[in-house]
Amino acid sequence: MSNINQTERARLAWAVLADVAKHRGTITYGGLGSRIGVHHRAIRYVLGPIQDYCMESRLPPLTILVVNGSGRPGTGFIAHDTNDLEGGLESVWNYPWSTIENPFDFAAEGISYDQLVTLLTNEPDTSGEIYQKVKSRGIQQILFRDAVRKAYSMRCAFYGVSFPDALDACHIVPWAYATPQQRMDVRNGLLLNPLHHRLFDKAYMTITADYKIVYYDPQSKDGAYTVTETALTVALHNMAMNAPRLQKHRPLAENITLHNKLVGWQFEKSTISR
């Protein structure tokens with residue numbers, strides 16, 4: 001399936017599903033395949049990007065509309081509790097899909113999702129151009145996530161966790177303060193497990209320009225720590241983070257400096273403090 005542009009197929013399927021939702025209906029795998037010129041057995045590859053986008057963007061589960069012969073979504077559907085199909089369908093039917101621009105419109109030019117991820121990792125300087133080309137913030141976030149995962153070889157920068165579902169792509173310079181270039185640049189990304197992502201965003205932890213991890217309370221003065229809490233915070237203080245293997249993927253010093261300034265970390269000679 002690698003030579004087929006599933007993103008272009010997702011663009012076509014999105015338009016069909018939005019129309020089906022407007023008319024409060026459902027559509028079979030075969031029916032959707034017929035509408036977009038795809039064999040029904042290959043429809044699961046088309047629905048994946050749409051489901052991922054809806055989940056990332058916290059939209060109703062549009063792919064719930066695609067059903068098998070028994071009138072239920074297939075086994076790959078994970079965007080909503082299948083014990084509450086009626087509620088899921090109502091949320092989709094009632095959503096104003098016509099107000100959303102097709103998030104896969106960029107694929108009309110023949111560009112595939114995989115090609116964009118490859119560009120973001122092979123040529124990080126192209127991230128600003130890709131940001132301008134891909135209009136949907138949800139797709140931008142997904143592309144950034146997958147590019148950062150690739151750059152970090154699916155390994156948490158702080159703790160080495162490698163479970164795919166337990167890895168977040170974290171912006172160093174937050175989205176609200178980032179330039180178009182920084183918003184999709186792997187050099188403005190850290191791959192972190194959810195706990196360390198939260199601690200980083202909330203300024204309990206940070207990194208230095210030479211990729212050292214810093215914790216705000218290295219002397220454990222701020223209350224009692226359990227053994228687990230110590231291992232996840234204090235023990236990491238001043239340790240080298242798991243930086244990407246390739247230099248071109250590593251966080252830029254200016255991004256780290258701006259992050260630390262924005263969240264209140266201050267450099268004092270060779271140390272850093274809050």
# chains A, B, ... in the order shown; residues from 1 in each chain; ligands from 1

call {"tool": "select_by_dssp", "arguments": {"residues": "region 91-238 of chain A", "states": "alpha helix (DSSP H)", "output": "CSV table (one decimal) with all heavy atoms, in the first residue's frame"}}
result
chain,number,residue,atom,x,y,z
A,91,SER,N,-23.8,12.9,17.6
A,91,SER,CA,-22.8,13.9,17.7
A,91,SER,C,-22.3,14.3,16.3
A,91,SER,O,-22.0,15.4,16.0
A,91,SER,CB,-21.7,13.5,18.7
A,91,SER,OG,-20.9,12.5,18.1
A,92,VAL,N,-22.1,13.3,15.5
A,92,VAL,CA,-21.7,13.5,14.1
A,92,VAL,C,-22.7,14.2,13.3
A,92,VAL,O,-22.5,15.1,12.5
A,92,VAL,CB,-21.2,12.2,13.5
A,92,VAL,CG1,-20.9,12.3,12.0
A,92,VAL,CG2,-20.0,11.6,14.2
A,93,TRP,N,-23.9,13.7,13.4
A,93,TRP,CA,-25.0,14.2,12.5
A,93,TRP,C,-25.3,15.7,12.9
A,93,TRP,O,-25.7,16.5,12.0
A,93,TRP,CB,-26.3,13.4,12.8
A,93,TRP,CG,-26.3,12.0,12.1
A,93,TRP,CD1,-25.5,11.6,11.1
A,93,TRP,CD2,-27.0,10.9,12.5
A,93,TRP,NE1,-25.7,10.3,10.8
A,93,TRP,CE2,-26.6,9.8,11.6
A,93,TRP,CE3,-28.0,10.6,13.5
A,93,TRP,CZ2,-27.2,8.6,11.7
A,93,TRP,CZ3,-28.5,9.4,13.6
A,93,TRP,CH2,-28.2,8.3,12.7
A,113,TYR,N,0.9,12.3,2.8
A,113,TYR,CA,1.2,12.6,4.2
A,113,TYR,C,2.6,12.1,4.5
A,113,TYR,O,3.4,12.8,5.2
A,113,TYR,CB,0.2,11.8,5.1
A,113,TYR,CG,0.4,11.9,6.5
A,113,TYR,CD1,-0.1,12.9,7.3
A,113,TYR,CD2,1.1,10.9,7.2
A,113,TYR,CE1,0.0,12.9,8.7
A,113,TYR,CE2,1.3,10.9,8.6
A,113,TYR,CZ,0.8,11.9,9.3
A,113,TYR,OH,0.9,12.0,10.6
A,114,ASP,N,3.0,10.9,4.1
A,114,ASP,CA,4.3,10.4,4.3
A,114,ASP,C,5.4,11.3,3.7
A,114,ASP,O,6.5,11.4,4.3
A,114,ASP,CB,4.4,9.0,3.8
A,114,ASP,CG,3.6,8.0,4.6
A,114,ASP,OD1,3.3,8.3,5.7
A,114,ASP,OD2,3.4,6.9,4.0
A,115,GLN,N,5.2,11.8,2.6
A,115,GLN,CA,6.2,12.7,2.0
A,115,GLN,C,6.4,14.0,2.8
A,115,GLN,O,7.5,14.4,3.0
A,115,GLN,CB,5.7,13.2,0.6
A,115,GLN,CG,5.7,12.1,-0.5
A,115,GLN,CD,5.1,12.5,-1.8
A,115,GLN,OE1,4.2,13.3,-1.8
A,115,GLN,NE2,5.6,12.0,-2.9
A,116,LEU,N,5.3,14.5,3.4
A,116,LEU,CA,5.5,15.6,4.3
A,116,LEU,C,6.3,15.3,5.6
A,116,LEU,O,7.1,16.1,6.0
A,116,LEU,CB,4.1,16.2,4.6
A,116,LEU,CG,3.4,16.9,3.5
A,116,LEU,CD1,2.0,17.4,4.0
A,116,LEU,CD2,4.2,18.0,2.8
A,117,VAL,N,6.0,14.2,6.1
A,117,VAL,CA,6.8,13.7,7.3
A,117,VAL,C,8.2,13.6,7.0
A,117,VAL,O,9.1,14.0,7.7
A,117,VAL,CB,6.2,12.4,7.9
A,117,VAL,CG1,7.1,11.9,9.0
A,117,VAL,CG2,4.8,12.7,8.5
A,118,THR,N,8.5,13.0,5.8
A,118,THR,CA,9.9,12.8,5.4
A,118,THR,C,10.6,14.1,5.2
A,118,THR,O,11.7,14.3,5.6
A,118,THR,CB,9.9,12.0,4.1
A,118,THR,OG1,9.4,10.7,4.3
A,118,THR,CG2,11.4,11.8,3.6
A,119,LEU,N,9.9,15.1,4.6
A,119,LEU,CA,10.5,16.4,4.4
A,119,LEU,C,10.8,17.1,5.7
A,119,LEU,O,11.8,17.7,5.9
A,119,LEU,CB,9.5,17.3,3.6
A,119,LEU,CG,9.6,17.4,2.1
A,119,LEU,CD1,8.5,18.2,1.5
A,119,LEU,CD2,11.0,17.9,1.7
A,120,LEU,N,9.8,17.0,6.7
A,120,LEU,CA,10.0,17.6,8.0
A,120,LEU,C,11.2,17.0,8.7
A,120,LEU,O,11.9,17.7,9.5
A,120,LEU,CB,8.8,17.4,8.8
A,120,LEU,CG,7.6,18.3,8.5
A,120,LEU,CD1,6.3,17.8,9.2
A,120,LEU,CD2,7.9,19.8,8.7
A,121,THR,N,11.5,15.8,8.5
A,121,THR,CA,12.7,15.1,9.2
A,121,THR,C,14.0,15.3,8.4
A,121,THR,O,15.0,15.5,8.9
A,121,THR,CB,12.4,13.7,9.5
A,121,THR,OG1,12.0,13.0,8.3
A,121,THR,CG2,11.3,13.5,10.5
A,122,ASN,N,13.9,15.2,7.1
A,122,ASN,CA,15.1,15.2,6.2
A,122,ASN,C,15.6,16.7,6.0
A,122,ASN,O,16.8,16.9,6.0
A,122,ASN,CB,14.9,14.6,4.9
A,122,ASN,CG,14.8,13.1,4.9
A,122,ASN,OD1,15.0,12.5,6.0
A,122,ASN,ND2,14.4,12.4,3.8
A,127,SER,N,9.9,23.4,7.2
A,127,SER,CA,8.7,23.4,8.1
A,127,SER,C,7.8,24.6,7.9
A,127,SER,O,6.6,24.4,8.0
A,127,SER,CB,9.1,23.2,9.5
A,127,SER,OG,9.9,24.2,10.0
A,128,GLY,N,8.4,25.7,7.7
A,128,GLY,CA,7.6,26.9,7.5
A,128,GLY,C,6.8,26.8,6.2
A,128,GLY,O,5.6,27.2,6.2
A,129,GLU,N,7.4,26.3,5.1
A,129,GLU,CA,6.6,26.1,3.9
A,129,GLU,C,5.5,25.1,4.0
A,129,GLU,O,4.4,25.3,3.5
A,129,GLU,CB,7.6,25.7,2.8
A,129,GLU,CG,8.8,26.6,2.5
A,129,GLU,CD,9.8,26.0,1.6
A,129,GLU,OE1,9.4,25.1,0.8
A,129,GLU,OE2,11.0,26.4,1.6
A,130,ILE,N,5.8,24.1,4.7
A,130,ILE,CA,4.8,23.0,4.9
A,130,ILE,C,3.6,23.6,5.8
A,130,ILE,O,2.4,23.3,5.5
A,130,ILE,CB,5.4,21.8,5.6
A,130,ILE,CG1,6.4,21.1,4.6
A,130,ILE,CG2,4.3,20.8,6.0
A,130,ILE,CD1,7.2,20.0,5.2
A,131,TYR,N,3.9,24.4,6.8
A,131,TYR,CA,2.9,25.0,7.6
A,131,TYR,C,2.0,25.8,6.8
A,131,TYR,O,0.7,25.8,7.0
A,131,TYR,CB,3.6,25.9,8.7
A,131,TYR,CG,2.6,26.6,9.6
A,131,TYR,CD1,2.0,26.0,10.7
A,131,TYR,CD2,2.2,27.9,9.3
A,131,TYR,CE1,1.1,26.7,11.5
A,131,TYR,CE2,1.3,28.6,10.1
A,131,TYR,CZ,0.7,28.0,11.2
A,131,TYR,OH,-0.2,28.7,11.9
A,132,GLN,N,2.5,26.6,5.8
A,132,GLN,CA,1.7,27.4,4.9
A,132,GLN,C,0.8,26.6,4.0
A,132,GLN,O,-0.3,26.9,3.6
A,132,GLN,CB,2.5,28.4,4.1
A,132,GLN,CG,3.3,29.3,5.0
A,132,GLN,CD,2.5,30.3,5.8
A,132,GLN,OE1,1.3,30.5,5.4
A,132,GLN,NE2,3.0,30.8,6.8
A,133,LYS,N,1.3,25.4,3.6
A,133,LYS,CA,0.6,24.5,2.7
A,133,LYS,C,-0.5,23.8,3.3
A,133,LYS,O,-1.6,23.6,2.7
A,133,LYS,CB,1.6,23.6,2.0
A,133,LYS,CG,1.1,22.7,0.9
A,133,LYS,CD,2.1,21.8,0.3
A,133,LYS,CE,3.3,22.6,-0.3
A,133,LYS,NZ,2.9,23.3,-1.6
A,137,ARG,N,-5.0,23.0,11.5
A,137,ARG,CA,-4.1,22.9,12.6
A,137,ARG,C,-4.0,21.4,13.1
A,137,ARG,O,-2.9,21.0,13.6
A,137,ARG,CB,-4.6,23.8,13.8
A,137,ARG,CG,-3.8,23.6,15.0
A,137,ARG,CD,-4.1,24.7,16.1
A,137,ARG,NE,-3.4,24.4,17.3
A,137,ARG,CZ,-3.4,25.3,18.4
A,137,ARG,NH1,-4.0,26.4,18.3
A,137,ARG,NH2,-2.8,25.0,19.5
A,138,GLY,N,-5.1,20.7,13.0
A,138,GLY,CA,-5.1,19.3,13.4
A,138,GLY,C,-4.1,18.5,12.7
A,138,GLY,O,-3.3,17.7,13.2
A,139,ILE,N,-4.0,18.7,11.3
A,139,ILE,CA,-3.1,17.9,10.5
A,139,ILE,C,-1.7,18.4,10.8
A,139,ILE,O,-0.7,17.6,10.8
A,139,ILE,CB,-3.4,18.1,9.0
A,139,ILE,CG1,-4.8,17.5,8.7
A,139,ILE,CG2,-2.4,17.4,8.1
A,139,ILE,CD1,-4.9,16.0,8.9
A,140,GLN,N,-1.5,19.7,11.0
A,140,GLN,CA,-0.2,20.3,11.3
A,140,GLN,C,0.3,19.6,12.6
A,140,GLN,O,1.5,19.2,12.7
A,140,GLN,CB,-0.3,21.8,11.5
A,140,GLN,CG,-0.6,22.6,10.3
A,140,GLN,CD,-1.0,24.0,10.6
A,140,GLN,OE1,-1.2,24.4,11.8
A,140,GLN,NE2,-1.1,24.8,9.6
A,141,GLN,N,-0.5,19.4,13.6
A,141,GLN,CA,-0.1,18.8,14.8
A,141,GLN,C,0.2,17.3,14.6
A,141,GLN,O,1.2,16.8,15.2
A,141,GLN,CB,-1.2,18.9,15.9
A,141,GLN,CG,-1.6,20.4,16.3
A,141,GLN,CD,-0.7,20.9,17.4
A,141,GLN,OE1,0.4,20.4,17.6
A,141,GLN,NE2,-1.2,21.8,18.1
A,142,ILE,N,-0.5,16.7,13.8
A,142,ILE,CA,-0.3,15.2,13.6
A,142,ILE,C,1.1,15.1,12.8
A,142,ILE,O,1.9,14.2,13.2
A,142,ILE,CB,-1.4,14.6,12.8
A,142,ILE,CG1,-2.7,14.5,13.6
A,142,ILE,CG2,-1.0,13.2,12.3
A,142,ILE,CD1,-3.9,14.1,12.9
A,143,LEU,N,1.3,15.9,11.8
A,143,LEU,CA,2.6,15.8,11.1
A,143,LEU,C,3.8,16.1,12.0
A,143,LEU,O,4.8,15.4,11.9
A,143,LEU,CB,2.5,16.8,9.9
A,143,LEU,CG,1.6,16.5,8.7
A,143,LEU,CD1,1.5,17.7,7.8
A,143,LEU,CD2,2.2,15.3,8.0
A,144,PHE,N,3.6,17.1,12.8
A,144,PHE,CA,4.7,17.5,13.8
A,144,PHE,C,4.9,16.3,14.7
A,144,PHE,O,6.1,15.9,15.0
A,144,PHE,CB,4.3,18.7,14.6
A,144,PHE,CG,5.2,19.1,15.7
A,144,PHE,CD1,6.4,19.7,15.4
A,144,PHE,CD2,4.9,18.9,17.0
A,144,PHE,CE1,7.3,20.1,16.4
A,144,PHE,CE2,5.8,19.2,18.0
A,144,PHE,CZ,7.0,19.8,17.7
A,145,ARG,N,3.8,15.7,15.2
A,145,ARG,CA,4.0,14.6,16.1
A,145,ARG,C,4.7,13.4,15.5
A,145,ARG,O,5.7,12.9,16.1
A,145,ARG,CB,2.6,14.1,16.5
A,145,ARG,CG,2.6,12.9,17.4
A,145,ARG,CD,1.2,12.2,17.4
A,145,ARG,NE,0.9,11.6,16.1
A,145,ARG,CZ,-0.3,11.1,15.8
A,145,ARG,NH1,-1.3,11.3,16.6
A,145,ARG,NH2,-0.4,10.6,14.6
A,146,ASP,N,4.4,13.1,14.3
A,146,ASP,CA,5.0,11.9,13.7
A,146,ASP,C,6.4,12.2,13.2
A,146,ASP,O,7.3,11.3,13.3
A,146,ASP,CB,4.2,11.5,12.5
A,146,ASP,CG,2.9,10.8,12.9
A,146,ASP,OD1,2.7,10.6,14.1
A,146,ASP,OD2,2.1,10.4,12.0
A,147,ALA,N,6.7,13.5,12.9
A,147,ALA,CA,8.1,13.9,12.5
A,147,ALA,C,9.0,13.8,13.8
A,147,ALA,O,10.1,13.4,13.7
A,147,ALA,CB,8.1,15.2,11.9
A,148,VAL,N,8.4,14.3,14.9
A,148,VAL,CA,9.2,14.3,16.1
A,148,VAL,C,9.4,12.9,16.6
A,148,VAL,O,10.5,12.5,17.1
A,148,VAL,CB,8.5,15.1,17.2
A,148,VAL,CG1,9.2,15.0,18.6
A,148,VAL,CG2,8.5,16.6,16.8
A,149,ARG,N,8.4,12.0,16.5
A,149,ARG,CA,8.6,10.6,16.8
A,149,ARG,C,9.7,10.0,16.0
A,149,ARG,O,10.5,9.2,16.5
A,149,ARG,CB,7.3,9.9,16.6
A,149,ARG,CG,6.2,10.1,17.7
A,149,ARG,CD,5.0,9.3,17.3
A,149,ARG,NE,4.0,9.4,18.4
A,149,ARG,CZ,2.8,8.8,18.4
A,149,ARG,NH1,2.5,8.1,17.3
A,149,ARG,NH2,2.0,8.8,19.4
A,150,LYS,N,9.7,10.3,14.7
A,150,LYS,CA,10.8,9.8,13.9
A,150,LYS,C,12.1,10.3,14.2
A,150,LYS,O,13.1,9.6,14.3
A,150,LYS,CB,10.4,10.1,12.4
A,150,LYS,CG,11.3,9.4,11.4
A,150,LYS,CD,10.8,9.8,10.0
A,150,LYS,CE,11.6,9.1,8.9
A,150,LYS,NZ,11.1,9.4,7.5
A,151,ALA,N,12.2,11.6,14.5
A,151,ALA,CA,13.5,12.2,14.9
A,151,ALA,C,14.1,11.6,16.1
A,151,ALA,O,15.3,11.5,16.3
A,151,ALA,CB,13.3,13.7,15.0
A,180,PRO,N,5.5,30.4,12.4
A,180,PRO,CA,5.1,29.3,11.5
A,180,PRO,C,6.2,28.2,11.3
A,180,PRO,O,5.9,27.0,11.3
A,180,PRO,CB,4.8,30.0,10.2
A,180,PRO,CG,4.3,31.3,10.6
A,180,PRO,CD,5.2,31.7,11.8
A,181,GLN,N,7.5,28.6,11.2
A,181,GLN,CA,8.6,27.7,11.1
A,181,GLN,C,8.7,26.8,12.4
A,181,GLN,O,8.8,25.6,12.3
A,181,GLN,CB,9.9,28.5,10.9
A,181,GLN,CG,11.2,27.6,11.0
A,181,GLN,CD,11.4,26.8,9.8
A,181,GLN,OE1,11.0,27.1,8.7
A,181,GLN,NE2,12.1,25.7,10.0
A,182,GLN,N,8.6,27.4,13.5
A,182,GLN,CA,8.8,26.7,14.8
A,182,GLN,C,7.6,25.7,15.1
A,182,GLN,O,7.8,24.7,15.7
A,182,GLN,CB,8.9,27.7,16.0
A,182,GLN,CG,10.2,28.5,16.0
A,182,GLN,CD,10.2,29.6,17.0
A,182,GLN,OE1,9.1,30.2,17.2
A,182,GLN,NE2,11.3,29.9,17.6
A,183,ARG,N,6.4,26.0,14.6
A,183,ARG,CA,5.3,25.2,14.9
A,183,ARG,C,5.4,23.8,14.3
A,183,ARG,O,4.7,22.9,14.8
A,183,ARG,CB,4.0,25.9,14.4
A,183,ARG,CG,3.6,27.1,15.3
A,183,ARG,CD,2.4,27.8,14.8
A,183,ARG,NE,2.0,28.8,15.7
A,183,ARG,CZ,0.9,29.6,15.6
A,183,ARG,NH1,0.2,29.5,14.5
A,183,ARG,NH2,0.6,30.5,16.5
A,194,PRO,N,3.6,11.4,28.8
A,194,PRO,CA,2.7,12.4,29.2
A,194,PRO,C,3.0,13.1,30.6
A,194,PRO,O,2.8,14.3,30.7
A,194,PRO,CB,1.3,11.7,29.3
A,194,PRO,CG,1.5,10.6,28.3
A,194,PRO,CD,2.9,10.2,28.4
A,195,LEU,N,3.6,12.4,31.5
A,195,LEU,CA,3.9,13.0,32.8
A,195,LEU,C,5.0,14.1,32.6
A,195,LEU,O,4.9,15.2,33.0
A,195,LEU,CB,4.5,11.9,33.8
A,195,LEU,CG,5.1,12.5,35.1
A,195,LEU,CD1,4.0,13.2,35.9
A,195,LEU,CD2,5.8,11.4,35.9
A,196,HIS,N,6.1,13.7,31.9
A,196,HIS,CA,7.2,14.7,31.7
A,196,HIS,C,6.7,15.8,30.8
A,196,HIS,O,7.2,16.9,30.9
A,196,HIS,CB,8.4,14.0,31.2
A,196,HIS,CG,9.1,13.2,32.3
A,196,HIS,ND1,9.5,11.9,32.2
A,196,HIS,CD2,9.4,13.6,33.6
A,196,HIS,CE1,10.0,11.5,33.3
A,196,HIS,NE2,10.0,12.5,34.2
A,197,HIS,N,5.8,15.5,29.8
A,197,HIS,CA,5.3,16.6,29.0
A,197,HIS,C,4.6,17.6,29.9
A,197,HIS,O,4.8,18.8,29.7
A,197,HIS,CB,4.3,16.0,28.0
A,197,HIS,CG,3.8,17.0,27.0
A,197,HIS,ND1,3.0,16.6,25.9
A,197,HIS,CD2,3.9,18.3,26.9
A,197,HIS,CE1,2.6,17.6,25.2
A,197,HIS,NE2,3.2,18.7,25.8
A,198,ARG,N,3.8,17.2,30.8
A,198,ARG,CA,3.1,18.1,31.7
A,198,ARG,C,4.0,18.9,32.6
A,198,ARG,O,3.9,20.1,32.7
A,198,ARG,CB,2.1,17.3,32.5
A,198,ARG,CG,1.2,18.1,33.4
A,198,ARG,CD,0.1,18.7,32.7
A,198,ARG,NE,-0.9,19.3,33.6
A,198,ARG,CZ,-1.9,20.1,33.2
A,198,ARG,NH1,-2.0,20.3,31.9
A,198,ARG,NH2,-2.8,20.6,34.0
A,199,LEU,N,5.0,18.2,33.1
A,199,LEU,CA,6.0,18.9,34.0
A,199,LEU,C,6.8,19.9,33.2
A,199,LEU,O,7.1,20.9,33.8
A,199,LEU,CB,6.9,17.8,34.7
A,199,LEU,CG,6.2,16.9,35.7
A,199,LEU,CD1,7.2,15.9,36.2
A,199,LEU,CD2,5.6,17.7,36.8
A,200,PHE,N,7.1,19.6,32.0
A,200,PHE,CA,7.8,20.5,31.1
A,200,PHE,C,7.0,21.7,30.8
A,200,PHE,O,7.4,22.9,30.9
A,200,PHE,CB,8.3,19.8,29.8
A,200,PHE,CG,9.1,20.7,28.9
A,200,PHE,CD1,10.4,20.9,29.1
A,200,PHE,CD2,8.5,21.3,27.8
A,200,PHE,CE1,11.2,21.7,28.3
A,200,PHE,CE2,9.2,22.1,27.0
A,200,PHE,CZ,10.6,22.3,27.2
A,201,ASP,N,5.7,21.5,30.4
A,201,ASP,CA,4.9,22.6,30.1
A,201,ASP,C,4.6,23.5,31.3
A,201,ASP,O,4.4,24.7,31.1
A,201,ASP,CB,3.5,22.1,29.5
A,201,ASP,CG,3.6,21.6,28.1
A,201,ASP,OD1,4.7,21.9,27.4
A,201,ASP,OD2,2.7,21.0,27.6
A,227,VAL,N,9.6,7.1,46.3
A,227,VAL,CA,10.7,6.5,45.5
A,227,VAL,C,10.4,6.7,44.0
A,227,VAL,O,11.3,7.1,43.3
A,227,VAL,CB,10.9,5.0,45.8
A,227,VAL,CG1,11.9,4.4,44.9
A,227,VAL,CG2,11.3,4.8,47.3
A,228,THR,N,9.2,6.5,43.6
A,228,THR,CA,8.8,6.7,42.2
A,228,THR,C,8.9,8.1,41.8
A,228,THR,O,9.5,8.4,40.7
A,228,THR,CB,7.4,6.1,42.0
A,228,THR,OG1,7.3,4.8,42.3
A,228,THR,CG2,7.0,6.3,40.5
A,229,GLU,N,8.4,9.0,42.6
A,229,GLU,CA,8.5,10.4,42.3
A,229,GLU,C,9.9,10.9,42.2
A,229,GLU,O,10.3,11.7,41.3
A,229,GLU,CB,7.8,11.3,43.3
A,229,GLU,CG,6.2,11.1,43.3
A,229,GLU,CD,5.5,11.7,44.5
A,229,GLU,OE1,6.2,11.9,45.5
A,229,GLU,OE2,4.3,11.9,44.4
A,230,THR,N,10.8,10.4,43.1
A,230,THR,CA,12.2,10.8,43.0
A,230,THR,C,12.8,10.3,41.7
A,230,THR,O,13.6,11.0,41.1
A,230,THR,CB,12.9,10.2,44.2
A,230,THR,OG1,12.4,10.7,45.4
A,230,THR,CG2,14.4,10.5,44.2
A,231,ALA,N,12.5,9.1,41.3
A,231,ALA,CA,13.1,8.5,40.1
A,231,ALA,C,12.7,9.3,38.9
A,231,ALA,O,13.5,9.4,37.9
A,231,ALA,CB,12.7,7.1,40.0
A,232,LEU,N,11.5,9.8,38.9
A,232,LEU,CA,10.9,10.5,37.7
A,232,LEU,C,11.3,12.0,37.7
A,232,LEU,O,11.0,12.7,36.7
A,232,LEU,CB,9.4,10.4,37.7
A,232,LEU,CG,8.9,8.9,37.4
A,232,LEU,CD1,7.4,8.8,37.7
A,232,LEU,CD2,9.2,8.6,36.0

call {"tool": "residues_around", "arguments": {"residues": "Arg41 (chain A)", "least_positions_apart": "6", "cutoff": "9 Å", "atoms": "only C-alpha atoms", "output": "VMD selection string"}}
result
chain A and resid 29 to 30 33

call {"tool": "closest_residue", "arguments": {"among": "A:Asn260, A:Thr7, A:Thr28, A:Thr63", "to": "Phe77 (chain A)", "atoms": "only C-alpha atoms"}}
result
A:Thr63

call {"tool": "residues_around", "arguments": {"residues": "Ala243 (chain A)", "least_positions_apart": "2", "cutoff": "10 Å", "atoms": "only C-alpha atoms", "output": "number ranges by chain"}}
result
A: 151-153, 155-158, 190-191, 210-212, 240-241, 245-247, 249-251

call {"tool": "write_last_selection", "arguments": {"atoms": "C-alpha atoms", "output": "CSV table (one decimal), in the first residue's frame"}}
result
chain,number,residue,atom,x,y,z
A,151,ALA,CA,13.5,12.2,14.9
A,152,TYR,CA,13.7,10.8,18.4
A,153,SER,CA,13.5,7.2,17.1
A,155,ARG,CA,12.1,7.1,22.5
A,156,CYS,CA,11.2,9.6,25.3
A,157,ALA,CA,13.8,12.3,25.6
A,158,PHE,CA,13.7,12.2,29.4
A,190,LEU,CA,10.7,17.0,22.5
A,191,LEU,CA,9.3,13.5,22.5
A,210,ASP,CA,23.6,21.5,26.1
A,211,TYR,CA,20.7,19.1,26.5
A,212,LYS,CA,20.8,18.6,30.3
A,240,ALA,CA,21.8,14.3,29.7
A,241,MET,CA,18.5,13.9,27.9
A,245,ARG,CA,20.9,10.8,17.0
A,246,LEU,CA,21.2,13.2,14.1
A,247,GLN,CA,22.4,16.8,14.9
A,249,HIS,CA,17.1,17.0,14.5
A,250,ARG,CA,18.3,18.3,17.9
A,251,PRO,CA,16.6,21.2,19.6

call {"tool": "atom_distance", "arguments": {"atom1": "CA of Arg11 (chain A)", "atom2": "CA of Pro49 (chain A)"}}
result
9.6 Å

call {"tool": "residues_around", "arguments": {"residues": "Ala13 (chain A)", "least_positions_apart": "4", "cutoff": "8 Å", "atoms": "only C-alpha atoms", "output": "PyMOL selection string"}}
result
chain A and resi 9+17+32+36+46-47

call {"tool": "residues_around", "arguments": {"residues": "Lys22 (chain A)", "least_positions_apart": "5", "cutoff": "12 Å", "atoms": "only C-alpha atoms", "output": "PyMOL selection string"}}
result
chain A and resi 15-17+62+65+89-99

call {"tool": "write_last_selection", "arguments": {"atoms": "N, CA and C atoms", "output": "JSON list (two decimals), in the first residue's frame"}}
result
[["chain", "number", "residue", "atom", "x", "y", "z"],
["A", 15, "ALA", "N", -15.05, 14.42, 2.05],
["A", 15, "ALA", "CA", -16.18, 15.12, 1.41],
["A", 15, "ALA", "C", -17.43, 14.24, 1.40],
["A", 16, "VAL", "N", -17.25, 12.95, 1.13],
["A", 16, "VAL", "CA", -18.38, 12.03, 1.10],
["A", 16, "VAL", "C", -19.00, 11.90, 2.49],
["A", 17, "LEU", "N", -18.17, 11.71, 3.50],
["A", 17, "LEU", "CA", -18.67, 11.52, 4.86],
["A", 17, "LEU", "C", -19.34, 12.77, 5.40],
["A", 62, "LEU", "N", -16.20, 11.15, 12.95],
["A", 62, "LEU", "CA", -16.81, 11.11, 11.61],
["A", 62, "LEU", "C", -16.81, 9.71, 11.01],
["A", 65, "LEU", "N", -19.65, 6.75, 10.74],
["A", 65, "LEU", "CA", -20.67, 6.63, 9.70],
["A", 65, "LEU", "C", -20.42, 5.47, 8.75],
["A", 89, "LEU", "N", -23.33, 8.71, 16.78],
["A", 89, "LEU", "CA", -23.97, 9.11, 15.52],
["A", 89, "LEU", "C", -24.63, 10.48, 15.66],
["A", 90, "GLU", "N", -25.32, 10.70, 16.76],
["A", 90, "GLU", "CA", -25.98, 11.99, 16.96],
["A", 90, "GLU", "C", -24.97, 13.13, 17.00],
["A", 91, "SER", "N", -23.83, 12.88, 17.65],
["A", 91, "SER", "CA", -22.81, 13.94, 17.72],
["A", 91, "SER", "C", -22.27, 14.28, 16.34],
["A", 92, "VAL", "N", -22.14, 13.26, 15.49],
["A", 92, "VAL", "CA", -21.65, 13.49, 14.13],
["A", 92, "VAL", "C", -22.72, 14.15, 13.28],
["A", 93, "TRP", "N", -23.93, 13.67, 13.35],
["A", 93, "TRP", "CA", -25.03, 14.22, 12.55],
["A", 93, "TRP", "C", -25.31, 15.69, 12.89],
["A", 94, "ASN", "N", -25.11, 16.05, 14.15],
["A", 94, "ASN", "CA", -25.44, 17.40, 14.59],
["A", 94, "ASN", "C", -24.30, 18.39, 14.43],
["A", 95, "TYR", "N", -23.14, 17.90, 14.02],
["A", 95, "TYR", "CA", -21.98, 18.80, 13.91],
["A", 95, "TYR", "C", -22.02, 19.54, 12.57],
["A", 96, "PRO", "N", -21.70, 20.83, 12.55],
["A", 96, "PRO", "CA", -21.72, 21.61, 11.30],
["A", 96, "PRO", "C", -20.46, 21.39, 10.45],
["A", 97, "TRP", "N", -20.36, 20.23, 9.82],
["A", 97, "TRP", "CA", -19.17, 19.88, 9.06],
["A", 97, "TRP", "C", -18.89, 20.85, 7.92],
["A", 98, "SER", "N", -19.94, 21.50, 7.41],
["A", 98, "SER", "CA", -19.75, 22.44, 6.30],
["A", 98, "SER", "C", -18.93, 23.66, 6.69],
["A", 99, "THR", "N", -18.78, 23.88, 7.99],
["A", 99, "THR", "CA", -18.00, 25.03, 8.45],
["A", 99, "THR", "C", -16.51, 24.72, 8.52]]

call {"tool": "atom_distance", "arguments": {"atom1": "CA of Thr206 (chain A)", "atom2": "CA of Ile256 (chain A)"}}
result
8.6 Å

call {"tool": "select_by_dssp", "arguments": {"residues": "region 65-178 of chain A", "states": "strand (DSSP E)", "output": "PyMOL selection string"}}
result
chain A and resi 66-67+168-171

call {"tool": "residues_around", "arguments": {"residues": "Leu258 (chain A)", "least_positions_apart": "6", "cutoff": "10 Å", "atoms": "only C-alpha atoms", "output": "number ranges by chain"}}
result
A: 172-174, 177-178, 264-265
